[in-house]
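Here the structure comes first, spelled out in structure tokens, and everything after it is commentary.
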Amino acid sequence: MSLTLRTISREQHLAYIQSLPAASHMQVPAWADVKAEWRSENLGWFDDRTGEMVGAGLVLYRQLPKIKRYLAYLPEGPVINWFAPNLTDWLEPMLAHLKQQGAFSVKMGPPVIIRRWEAGSIKAGIQNPDVKRLRDIEADFIEPRAFEVADKLRRMGWQQGEDGGAGFGDVQPRYVFQVPLANRSLEEVHKNFNQLWRRNIKKAEKAGVEVVQGGYHDLEEWQRLYEITAVRDHFRPRPLAYFQRMWTALNTEDPNRMRLYFARHNGVNLSAATMLIVGGHVWYSYGASDNIGREVRPSNAMQWRMLRDAYALGATVYDLRGISDSLDESDHLFGLIQFKVGTGGQAAEYLGEWDFPLNKLLHKALDIYMSRR
């Protein structure tokens with residue numbers, strides 16, 4: 001297949017995304033409005049024979065301080081046929097185009113899954129003292145074509161950091177936790193939860209925890225819970241304006257792109273979460289909870305409601321986003337994987353993020369600058 005790459009309109013880009021079963025929420029045109037501090041461009045790949053659009057990518061450009069050169073970033077993209085035998089024919093025109101646009105380096109995150117581990121295998125791994133990381137457990141599913149993709153990228157000159165591409169930019173998680181919903185009944189999904197989860201859902205029900213959907217005007221209440229979480233878990237919270245922008249941008253593009261949930265008890269909001277929807281892929285995106293009321297298990301109740309809503313939307317996967325690959329109980333991120341494993345889903349490992357230095361000197365300089373930050 002002979003391909004042509006060119007800049008497309010947001011409308012063309014959106015129409016293409018809507019024609020697919022799913023795509024990353026970071027590859028919809030409106031994501032450019034969420035990341036307002038980056039310049040953006042929509043790219044389309046066309047089949048020369050038919051003139052039909054066969055791929056798309058959202059590129060975010062970040063300018064280097066003091067000079068007109070850019071880092072070009074395609075988060076969880078581009079949305080192309082990654083298993084095509086002629087992968088170079090897809091990526092070479094993209095690199096040439098981005099270089100023309102003033103990019104000195106390109107970062108992308110192929111939405112390709114290499115391995116999957118079932119919850120049962122992870123649980124067994126946690127109990128095994130010799131197992132320290134997910135990679136130490138034999139995967140339940142391996143995608144051989146993913147290794148071919150990695151091989152082709154390396155041969156083309158794409159690079160990955162030692163830790164799987166944790167260079168600069170908004171690095172996306174390499175390991176995520178997903179609950180598959182396709183061809184399963186809700187009863188099956190619920191049965192697959194571990195005992196603790198099922199008990200906690202029941203506990204919340206008994207206590208009278210109710211889970212409700214909020215709107216734009218509830219984002220201030222979301223922010224209150226999120227900032228409590230940030231203090232407790234030692235991370236820097238995003239400002240309220242970020243979530244307001246996210247809500248406006250995503251829901252203007254598609255009125256059902258972003259949702260907000262609250263779990264409340266006796267009229268008091270105890271936990272909250274944002275949910276993102278693109279086709280059949282639904283993400284639990286940000287979560288927050290108060291330091292009080294944990295004994296009534298608001299977070300379990302909320303996740304179960306969100307999962308049921310995702311199922312009602314016809315989702316094929318409910319994605320709980322990032323986990324660490326560490327299975328060491330003393331690791332501060334261990335609680336996260338433990339919580340998510342309780343849903344009975346699967347851990348998935350993506351190919352990770354890849355860099356292509358178009359100007360090696362500037363690429364190196366930025367890498368050093370970012371590592372010192």
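We name chains A, B, ... following the order of the structure tokens; residues begin at 1 in each chain, and ligands are numbered from 1 as shown.
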*Could you name the residues that touch Met108 in chain A at 9 Å or less, counting only C-alpha atoms, but leaving out those on the same chain fewer than 6 positions away, as a PyMOL selection string?*
chain A and resi 72-78+352-356
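Counting only C-alpha atoms, Thr88 in chain A has the following residues at most 9 Å away, ignoring those fewer than 4 positions along the same chain: Glu92, Pro93, Lys152, Leu153 and Met156 of chain A.
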*Would you list the contacts of Val149 in chain A as a PyMOL selection string, taking every protein, DNA or RNA residue within 12 Å and counting only C-alpha atoms, but skipping same-chain residues closer than 2 positions in sequence?*
chain A and resi 81-88+91+110-114+143-147+151-156+158+350-352+354
Output of the above residues as a tab-separated table (two decimals), in the first residue's frame, restricted to N, CA, C and O atoms:
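Okay, again34.tsv is ready:
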```tsv
chain	number	residue	atom	x	y	z
A	81	ASN	N	-2.07	1.38	11.55
A	81	ASN	CA	-1.98	-0.09	11.58
A	81	ASN	C	-0.55	-0.46	11.98
A	81	ASN	O	0.34	-0.57	11.14
A	82	TRP	N	-0.35	-0.65	13.29
A	82	TRP	CA	1.00	-0.92	13.81
A	82	TRP	C	1.55	-2.26	13.35
A	82	TRP	O	2.76	-2.47	13.36
A	83	PHE	N	0.66	-3.17	12.95
A	83	PHE	CA	1.13	-4.49	12.53
A	83	PHE	C	1.30	-4.59	11.01
A	83	PHE	O	1.48	-5.66	10.47
A	84	ALA	N	1.22	-3.44	10.34
A	84	ALA	CA	1.41	-3.45	8.87
A	84	ALA	C	2.83	-3.88	8.56
A	84	ALA	O	3.77	-3.48	9.26
A	85	PRO	N	3.01	-4.70	7.51
A	85	PRO	CA	4.37	-5.15	7.18
A	85	PRO	C	5.29	-3.98	6.78
A	85	PRO	O	6.49	-4.02	6.97
A	86	ASN	N	4.66	-2.90	6.24
A	86	ASN	CA	5.46	-1.76	5.76
A	86	ASN	C	5.43	-0.60	6.75
A	86	ASN	O	5.13	0.54	6.39
A	87	LEU	N	5.75	-0.87	8.02
A	87	LEU	CA	5.66	0.16	9.06
A	87	LEU	C	6.49	1.40	8.73
A	87	LEU	O	6.10	2.52	9.05
A	88	THR	N	7.62	1.20	8.04
A	88	THR	CA	8.47	2.35	7.67
A	88	THR	C	7.71	3.31	6.76
A	88	THR	O	7.88	4.52	6.86
A	91	LEU	N	5.78	5.57	9.08
A	91	LEU	CA	6.50	6.45	10.02
A	91	LEU	C	7.50	7.40	9.36
A	91	LEU	O	7.73	8.49	9.87
A	110	PRO	N	3.26	3.92	20.91
A	110	PRO	CA	2.45	2.96	20.15
A	110	PRO	C	1.41	2.27	21.04
A	110	PRO	O	1.77	1.71	22.07
A	111	PRO	N	0.12	2.33	20.67
A	111	PRO	CA	-0.91	1.68	21.49
A	111	PRO	C	-0.93	0.17	21.23
A	111	PRO	O	-1.95	-0.40	20.83
A	112	VAL	N	0.21	-0.45	21.48
A	112	VAL	CA	0.38	-1.89	21.20
A	112	VAL	C	0.67	-2.61	22.51
A	112	VAL	O	1.61	-2.25	23.22
A	113	ILE	N	-0.14	-3.62	22.82
A	113	ILE	CA	0.07	-4.39	24.07
A	113	ILE	C	0.96	-5.59	23.78
A	113	ILE	O	0.76	-6.33	22.81
A	114	ILE	N	2.00	-5.77	24.61
A	114	ILE	CA	2.93	-6.90	24.44
A	114	ILE	C	2.47	-8.12	25.22
A	114	ILE	O	2.46	-9.23	24.72
A	143	GLU	N	1.86	-11.16	22.75
A	143	GLU	CA	1.58	-10.78	21.36
A	143	GLU	C	2.90	-10.79	20.59
A	143	GLU	O	3.69	-9.86	20.69
A	144	PRO	N	3.16	-11.87	19.83
A	144	PRO	CA	4.46	-11.95	19.13
A	144	PRO	C	4.68	-10.80	18.15
A	144	PRO	O	5.81	-10.34	17.97
A	145	ARG	N	3.59	-10.28	17.56
A	145	ARG	CA	3.76	-9.20	16.57
A	145	ARG	C	4.29	-7.93	17.22
A	145	ARG	O	4.92	-7.11	16.56
A	146	ALA	N	4.05	-7.77	18.54
A	146	ALA	CA	4.53	-6.57	19.24
A	146	ALA	C	6.07	-6.54	19.25
A	146	ALA	O	6.68	-5.48	19.13
A	147	PHE	N	6.69	-7.73	19.36
A	147	PHE	CA	8.15	-7.80	19.36
A	147	PHE	C	8.70	-7.42	17.98
A	147	PHE	O	9.74	-6.81	17.86
A	151	ASP	N	11.22	-4.36	17.08
A	151	ASP	CA	12.40	-4.65	16.27
A	151	ASP	C	12.50	-3.68	15.09
A	151	ASP	O	13.57	-3.12	14.82
A	152	LYS	N	11.37	-3.48	14.42
A	152	LYS	CA	11.34	-2.56	13.27
A	152	LYS	C	11.67	-1.14	13.70
A	152	LYS	O	12.40	-0.43	13.02
A	153	LEU	N	11.11	-0.72	14.86
A	153	LEU	CA	11.36	0.64	15.35
A	153	LEU	C	12.85	0.84	15.62
A	153	LEU	O	13.43	1.86	15.25
A	154	ARG	N	13.46	-0.16	16.26
A	154	ARG	CA	14.91	-0.04	16.56
A	154	ARG	C	15.72	0.07	15.28
A	154	ARG	O	16.64	0.87	15.19
A	155	ARG	N	15.35	-0.73	14.29
A	155	ARG	CA	16.08	-0.70	13.02
A	155	ARG	C	15.93	0.64	12.31
A	155	ARG	O	16.82	1.07	11.59
A	156	MET	N	14.78	1.30	12.55
A	156	MET	CA	14.56	2.62	11.92
A	156	MET	C	15.27	3.74	12.66
A	156	MET	O	15.30	4.87	12.21
A	158	TRP	N	14.57	4.45	16.07
A	158	TRP	CA	13.82	4.88	17.27
A	158	TRP	C	14.51	4.33	18.50
A	158	TRP	O	15.08	3.24	18.46
A	350	TYR	N	2.25	-2.25	27.75
A	350	TYR	CA	2.35	-1.63	26.43
A	350	TYR	C	3.80	-1.63	25.95
A	350	TYR	O	4.72	-1.86	26.74
A	351	LEU	N	3.98	-1.31	24.68
A	351	LEU	CA	5.31	-1.25	24.09
A	351	LEU	C	6.15	-0.12	24.68
A	351	LEU	O	7.36	-0.10	24.55
A	352	GLY	N	5.49	0.83	25.35
A	352	GLY	CA	6.23	1.94	25.96
A	352	GLY	C	6.44	3.07	24.98
A	352	GLY	O	6.10	2.97	23.80
A	354	TRP	N	8.62	5.81	22.70
A	354	TRP	CA	9.83	5.77	21.87
A	354	TRP	C	10.20	7.17	21.41
A	354	TRP	O	9.32	7.99	21.14
```
*Go through range 230-331 of chain A and collect every residue that DSSP, computed from the backbone, puts in strand (DSSP E); the answer should be as a PyMOL selection string.*
chain A and resi 258-265+268-278+281-289+317-322
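Closest approach to Val296 in chain A from the set A:Leu276, A:Ala207, A:Ala347, A:Leu240 is made by A:Ala207, with distances taken over only C-alpha atoms.
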Range 329-335 of chain A environment, 12 Å, only C-alpha atoms, sequence neighbours closer than 5 positions dropped, as an mmCIF file with N, CA, C and O atoms, in the first residue's frame:
```
data_model
loop_
_atom_site.group_PDB
_atom_site.id
_atom_site.type_symbol
_atom_site.label_atom_id
_atom_site.label_comp_id
_atom_site.auth_asym_id
_atom_site.auth_seq_id
_atom_site.Cartn_x
_atom_site.Cartn_y
_atom_site.Cartn_z
ATOM 1 N N GLY A 125 1.976 -14.475 42.147
ATOM 2 C CA GLY A 125 3.281 -13.816 42.107
ATOM 3 C C GLY A 125 3.557 -13.015 43.363
ATOM 4 O O GLY A 125 4.668 -13.031 43.901
ATOM 5 N N ILE A 126 2.511 -12.332 43.859
ATOM 6 C CA ILE A 126 2.660 -11.515 45.077
ATOM 7 C C ILE A 126 3.032 -12.422 46.262
ATOM 8 O O ILE A 126 3.811 -12.038 47.133
ATOM 9 N N GLN A 127 2.480 -13.637 46.257
ATOM 10 C CA GLN A 127 2.750 -14.563 47.374
ATOM 11 C C GLN A 127 4.101 -15.264 47.270
ATOM 12 O O GLN A 127 4.564 -15.887 48.220
ATOM 13 N N ASN A 128 4.727 -15.139 46.087
ATOM 14 C CA ASN A 128 6.011 -15.805 45.870
ATOM 15 C C ASN A 128 7.158 -14.845 46.199
ATOM 16 O O ASN A 128 7.323 -13.820 45.545
ATOM 17 N N PRO A 129 7.967 -15.163 47.243
ATOM 18 C CA PRO A 129 9.037 -14.233 47.661
ATOM 19 C C PRO A 129 10.094 -13.976 46.585
ATOM 20 O O PRO A 129 10.786 -12.965 46.622
ATOM 21 N N VAL A 131 9.460 -13.409 43.479
ATOM 22 C CA VAL A 131 8.912 -12.515 42.455
ATOM 23 C C VAL A 131 8.937 -11.073 42.954
ATOM 24 O O VAL A 131 8.360 -10.762 43.985
ATOM 25 N N LYS A 132 9.628 -10.207 42.199
ATOM 26 C CA LYS A 132 9.743 -8.805 42.603
ATOM 27 C C LYS A 132 8.971 -7.887 41.659
ATOM 28 O O LYS A 132 8.540 -6.817 42.034
ATOM 29 N N ARG A 133 8.852 -8.321 40.388
ATOM 30 C CA ARG A 133 8.198 -7.480 39.379
ATOM 31 C C ARG A 133 7.243 -8.311 38.530
ATOM 32 O O ARG A 133 7.345 -9.533 38.485
ATOM 33 N N LEU A 134 6.341 -7.606 37.852
ATOM 34 C CA LEU A 134 5.406 -8.296 36.955
ATOM 35 C C LEU A 134 6.145 -9.162 35.946
ATOM 36 O O LEU A 134 5.731 -10.274 35.648
ATOM 37 N N ASP A 233 -1.149 11.458 49.499
ATOM 38 C CA ASP A 233 -0.317 10.580 48.669
ATOM 39 C C ASP A 233 0.935 11.264 48.121
ATOM 40 O O ASP A 233 1.619 10.709 47.259
ATOM 41 N N HIS A 234 1.207 12.470 48.597
ATOM 42 C CA HIS A 234 2.439 13.198 48.234
ATOM 43 C C HIS A 234 2.632 13.371 46.727
ATOM 44 O O HIS A 234 3.640 12.964 46.174
ATOM 45 N N GLY A 322 -2.894 3.378 35.025
ATOM 46 C CA GLY A 322 -1.549 2.949 35.385
ATOM 47 C C GLY A 322 -1.374 2.181 36.676
ATOM 48 O O GLY A 322 -2.044 2.418 37.671
ATOM 49 N N ILE A 323 -0.438 1.238 36.625
ATOM 50 C CA ILE A 323 0.056 0.542 37.822
ATOM 51 C C ILE A 323 1.572 0.526 37.721
ATOM 52 O O ILE A 323 2.126 0.704 36.642
ATOM 53 N N SER A 324 2.227 0.284 38.847
ATOM 54 C CA SER A 324 3.673 0.090 38.820
ATOM 55 C C SER A 324 3.896 -1.395 38.551
ATOM 56 O O SER A 324 3.019 -2.205 38.820
ATOM 57 N N LYS A 340 -6.367 -2.730 42.416
ATOM 58 C CA LYS A 340 -6.867 -2.993 41.064
ATOM 59 C C LYS A 340 -6.960 -4.488 40.757
ATOM 60 O O LYS A 340 -7.876 -4.926 40.061
ATOM 61 N N VAL A 341 -6.024 -5.272 41.291
ATOM 62 C CA VAL A 341 -6.053 -6.732 41.076
ATOM 63 C C VAL A 341 -7.346 -7.327 41.632
ATOM 64 O O VAL A 341 -7.879 -8.305 41.100
ATOM 65 N N GLY A 342 -7.891 -6.688 42.680
ATOM 66 C CA GLY A 342 -9.128 -7.164 43.289
ATOM 67 C C GLY A 342 -10.316 -7.205 42.338
ATOM 68 O O GLY A 342 -11.307 -7.898 42.568
#
```
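Proximity of A:Ala348, A:Val278, A:Val268, A:Ala96 to Asn251 in chain A, computed with only C-alpha atoms, is greatest for A:Val278.
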*All helix (DSSP H, G or I) residues (DSSP, backbone) inside range 164-241 of chain A, as a PyMOL selection string*: chain A and resi 186-192+195-207+216-233+240-241
If you keep N, CA, C and O atoms, can you produce a file of those selected residues as a short mmCIF file (atom, residue, chain, number, x, y, z; two decimals), in the first residue's frame?
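For reference, part_2.cif as written:
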```cif
data_model
loop_
_atom_site.label_atom_id
_atom_site.label_comp_id
_atom_site.auth_asym_id
_atom_site.auth_seq_id
_atom_site.Cartn_x
_atom_site.Cartn_y
_atom_site.Cartn_z
N LEU A 186 -22.44 -9.18 33.28
CA LEU A 186 -22.08 -8.42 34.48
C LEU A 186 -21.90 -9.36 35.67
O LEU A 186 -21.06 -9.12 36.54
N GLU A 187 -22.69 -10.42 35.71
CA GLU A 187 -22.59 -11.42 36.79
C GLU A 187 -21.20 -12.04 36.80
O GLU A 187 -20.57 -12.18 37.85
N GLU A 188 -20.71 -12.37 35.59
CA GLU A 188 -19.36 -12.96 35.47
C GLU A 188 -18.31 -11.99 35.99
O GLU A 188 -17.39 -12.37 36.70
N VAL A 189 -18.46 -10.72 35.58
CA VAL A 189 -17.50 -9.68 35.99
C VAL A 189 -17.49 -9.58 37.52
O VAL A 189 -16.43 -9.57 38.15
N HIS A 190 -18.68 -9.55 38.10
CA HIS A 190 -18.81 -9.42 39.56
C HIS A 190 -18.24 -10.65 40.26
O HIS A 190 -17.57 -10.54 41.29
N LYS A 191 -18.48 -11.82 39.68
CA LYS A 191 -17.98 -13.07 40.27
C LYS A 191 -16.46 -13.13 40.27
O LYS A 191 -15.84 -13.78 41.11
N ASN A 192 -15.88 -12.41 39.30
CA ASN A 192 -14.42 -12.41 39.17
C ASN A 192 -13.73 -11.49 40.17
O ASN A 192 -12.51 -11.57 40.36
N GLN A 195 -12.86 -11.75 46.98
CA GLN A 195 -13.82 -11.76 48.09
C GLN A 195 -13.92 -10.41 48.79
O GLN A 195 -15.00 -9.95 49.13
N LEU A 196 -12.74 -9.77 48.97
CA LEU A 196 -12.69 -8.49 49.67
C LEU A 196 -13.50 -7.43 48.92
O LEU A 196 -14.26 -6.68 49.51
N TRP A 197 -13.32 -7.38 47.59
CA TRP A 197 -14.07 -6.42 46.77
C TRP A 197 -15.56 -6.65 46.89
O TRP A 197 -16.32 -5.71 47.07
N ARG A 198 -15.97 -7.91 46.75
CA ARG A 198 -17.41 -8.22 46.80
C ARG A 198 -17.98 -7.85 48.17
O ARG A 198 -19.06 -7.29 48.28
N ARG A 199 -17.18 -8.13 49.22
CA ARG A 199 -17.60 -7.81 50.59
C ARG A 199 -17.73 -6.30 50.76
O ARG A 199 -18.67 -5.80 51.35
N ASN A 200 -16.76 -5.57 50.22
CA ASN A 200 -16.76 -4.10 50.36
C ASN A 200 -17.91 -3.45 49.60
O ASN A 200 -18.48 -2.46 50.05
N ILE A 201 -18.24 -4.01 48.43
CA ILE A 201 -19.37 -3.48 47.65
C ILE A 201 -20.66 -3.66 48.46
O ILE A 201 -21.49 -2.76 48.55
N LYS A 202 -20.78 -4.85 49.06
CA LYS A 202 -21.96 -5.16 49.88
C LYS A 202 -22.03 -4.23 51.10
O LYS A 202 -23.08 -3.73 51.48
N LYS A 203 -20.86 -4.03 51.72
CA LYS A 203 -20.76 -3.18 52.91
C LYS A 203 -21.25 -1.76 52.59
O LYS A 203 -22.00 -1.16 53.36
N ALA A 204 -20.79 -1.23 51.46
CA ALA A 204 -21.17 0.13 51.04
C ALA A 204 -22.68 0.21 50.80
O ALA A 204 -23.33 1.17 51.20
N GLU A 205 -23.20 -0.85 50.15
CA GLU A 205 -24.65 -0.90 49.87
C GLU A 205 -25.44 -0.86 51.18
O GLU A 205 -26.38 -0.10 51.33
N LYS A 206 -25.01 -1.71 52.10
CA LYS A 206 -25.68 -1.82 53.41
C LYS A 206 -25.64 -0.50 54.17
O LYS A 206 -26.60 -0.13 54.85
N ALA A 207 -24.50 0.18 54.08
CA ALA A 207 -24.32 1.44 54.81
C ALA A 207 -25.11 2.58 54.17
O ALA A 207 -25.22 3.67 54.73
N TYR A 216 -20.28 19.95 35.40
CA TYR A 216 -19.24 20.97 35.43
C TYR A 216 -19.23 21.74 36.75
O TYR A 216 -18.17 22.00 37.32
N HIS A 217 -20.43 22.07 37.23
CA HIS A 217 -20.54 22.88 38.46
C HIS A 217 -20.05 22.12 39.71
O HIS A 217 -19.84 22.71 40.76
N ASP A 218 -19.85 20.80 39.59
CA ASP A 218 -19.38 20.01 40.74
C ASP A 218 -17.86 19.84 40.75
O ASP A 218 -17.31 19.18 41.63
N LEU A 219 -17.18 20.44 39.78
CA LEU A 219 -15.73 20.25 39.70
C LEU A 219 -14.99 20.87 40.89
O LEU A 219 -13.92 20.39 41.26
N GLU A 220 -15.57 21.90 41.50
CA GLU A 220 -14.92 22.49 42.68
C GLU A 220 -14.93 21.50 43.85
O GLU A 220 -13.96 21.41 44.60
N GLU A 221 -16.01 20.76 43.96
CA GLU A 221 -16.11 19.73 45.01
C GLU A 221 -15.15 18.59 44.70
O GLU A 221 -14.49 18.05 45.59
N TRP A 222 -15.04 18.26 43.40
CA TRP A 222 -14.04 17.26 42.97
C TRP A 222 -12.64 17.71 43.40
O TRP A 222 -11.88 16.94 43.98
N GLN A 223 -12.33 18.99 43.16
CA GLN A 223 -11.01 19.53 43.45
C GLN A 223 -10.69 19.45 44.94
O GLN A 223 -9.56 19.17 45.34
N ARG A 224 -11.72 19.69 45.77
CA ARG A 224 -11.52 19.62 47.23
C ARG A 224 -11.03 18.21 47.63
O ARG A 224 -10.03 18.07 48.34
N LEU A 225 -11.71 17.19 47.11
CA LEU A 225 -11.33 15.80 47.45
C LEU A 225 -9.97 15.44 46.84
O LEU A 225 -9.15 14.75 47.45
N TYR A 226 -9.73 15.93 45.63
CA TYR A 226 -8.49 15.63 44.91
C TYR A 226 -7.29 16.25 45.64
O TYR A 226 -6.23 15.63 45.76
N GLU A 227 -7.46 17.45 46.18
CA GLU A 227 -6.34 18.08 46.90
C GLU A 227 -6.07 17.41 48.25
O GLU A 227 -4.93 17.33 48.68
N ILE A 228 -7.12 16.88 48.87
CA ILE A 228 -6.92 16.08 50.10
C ILE A 228 -6.08 14.84 49.76
O ILE A 228 -5.14 14.47 50.48
N THR A 229 -6.41 14.22 48.63
CA THR A 229 -5.69 13.02 48.16
C THR A 229 -4.23 13.34 47.87
O THR A 229 -3.33 12.57 48.21
N ALA A 230 -4.00 14.51 47.24
CA ALA A 230 -2.64 14.91 46.87
C ALA A 230 -1.75 15.07 48.11
O ALA A 230 -0.59 14.65 48.12
N VAL A 231 -2.30 15.65 49.17
CA VAL A 231 -1.54 15.83 50.41
C VAL A 231 -1.23 14.45 51.00
O VAL A 231 -0.09 14.16 51.38
N ARG A 232 -2.24 13.57 51.03
CA ARG A 232 -2.06 12.25 51.63
C ARG A 232 -1.07 11.39 50.84
O ARG A 232 -0.25 10.69 51.41
N ASP A 233 -1.15 11.46 49.50
CA ASP A 233 -0.32 10.58 48.67
C ASP A 233 0.94 11.26 48.12
O ASP A 233 1.62 10.71 47.26
N LEU A 240 -7.63 23.32 39.45
CA LEU A 240 -9.04 23.20 39.07
C LEU A 240 -9.25 23.58 37.61
O LEU A 240 -10.02 22.93 36.89
N ALA A 241 -8.54 24.61 37.15
CA ALA A 241 -8.69 25.09 35.76
C ALA A 241 -8.41 23.97 34.74
O ALA A 241 -9.02 23.95 33.68
#
```
Write out, as JSON lines, each residue of range 174-216 of chain A that has an atom at most 9 Å from range 253-261 of chain A, together with the closest pair of atoms and their distance in Å to one decimal, counting only C-alpha atoms, rows going by chain and rising number.
```
{"residue": "A:Val211", "atom": "CA", "partner": "A:Tyr261", "partner_atom": "CA", "distance": 6.8}
{"residue": "A:Val212", "atom": "CA", "partner": "A:Tyr261", "partner_atom": "CA", "distance": 5.7}
{"residue": "A:Gln213", "atom": "CA", "partner": "A:Tyr261", "partner_atom": "CA", "distance": 4.5}
{"residue": "A:Gly214", "atom": "CA", "partner": "A:Leu260", "partner_atom": "CA", "distance": 5.2}
{"residue": "A:Gly215", "atom": "CA", "partner": "A:Leu260", "partner_atom": "CA", "distance": 6.5}
{"residue": "A:Tyr216", "atom": "CA", "partner": "A:Leu260", "partner_atom": "CA", "distance": 8.5}
```
_From the options A:Arg69, A:Gly57, A:Leu327, A:Glu37, which residue's atoms come nearest to His13 in chain A, counting only C-alpha atoms?_
A:Gly57
*Which of these, A:Gln346, A:Thr248, A:Ser24, A:Ser289, has the shortest distance to Ile122 in chain A once you count only C-alpha atoms?*
A:Gln346
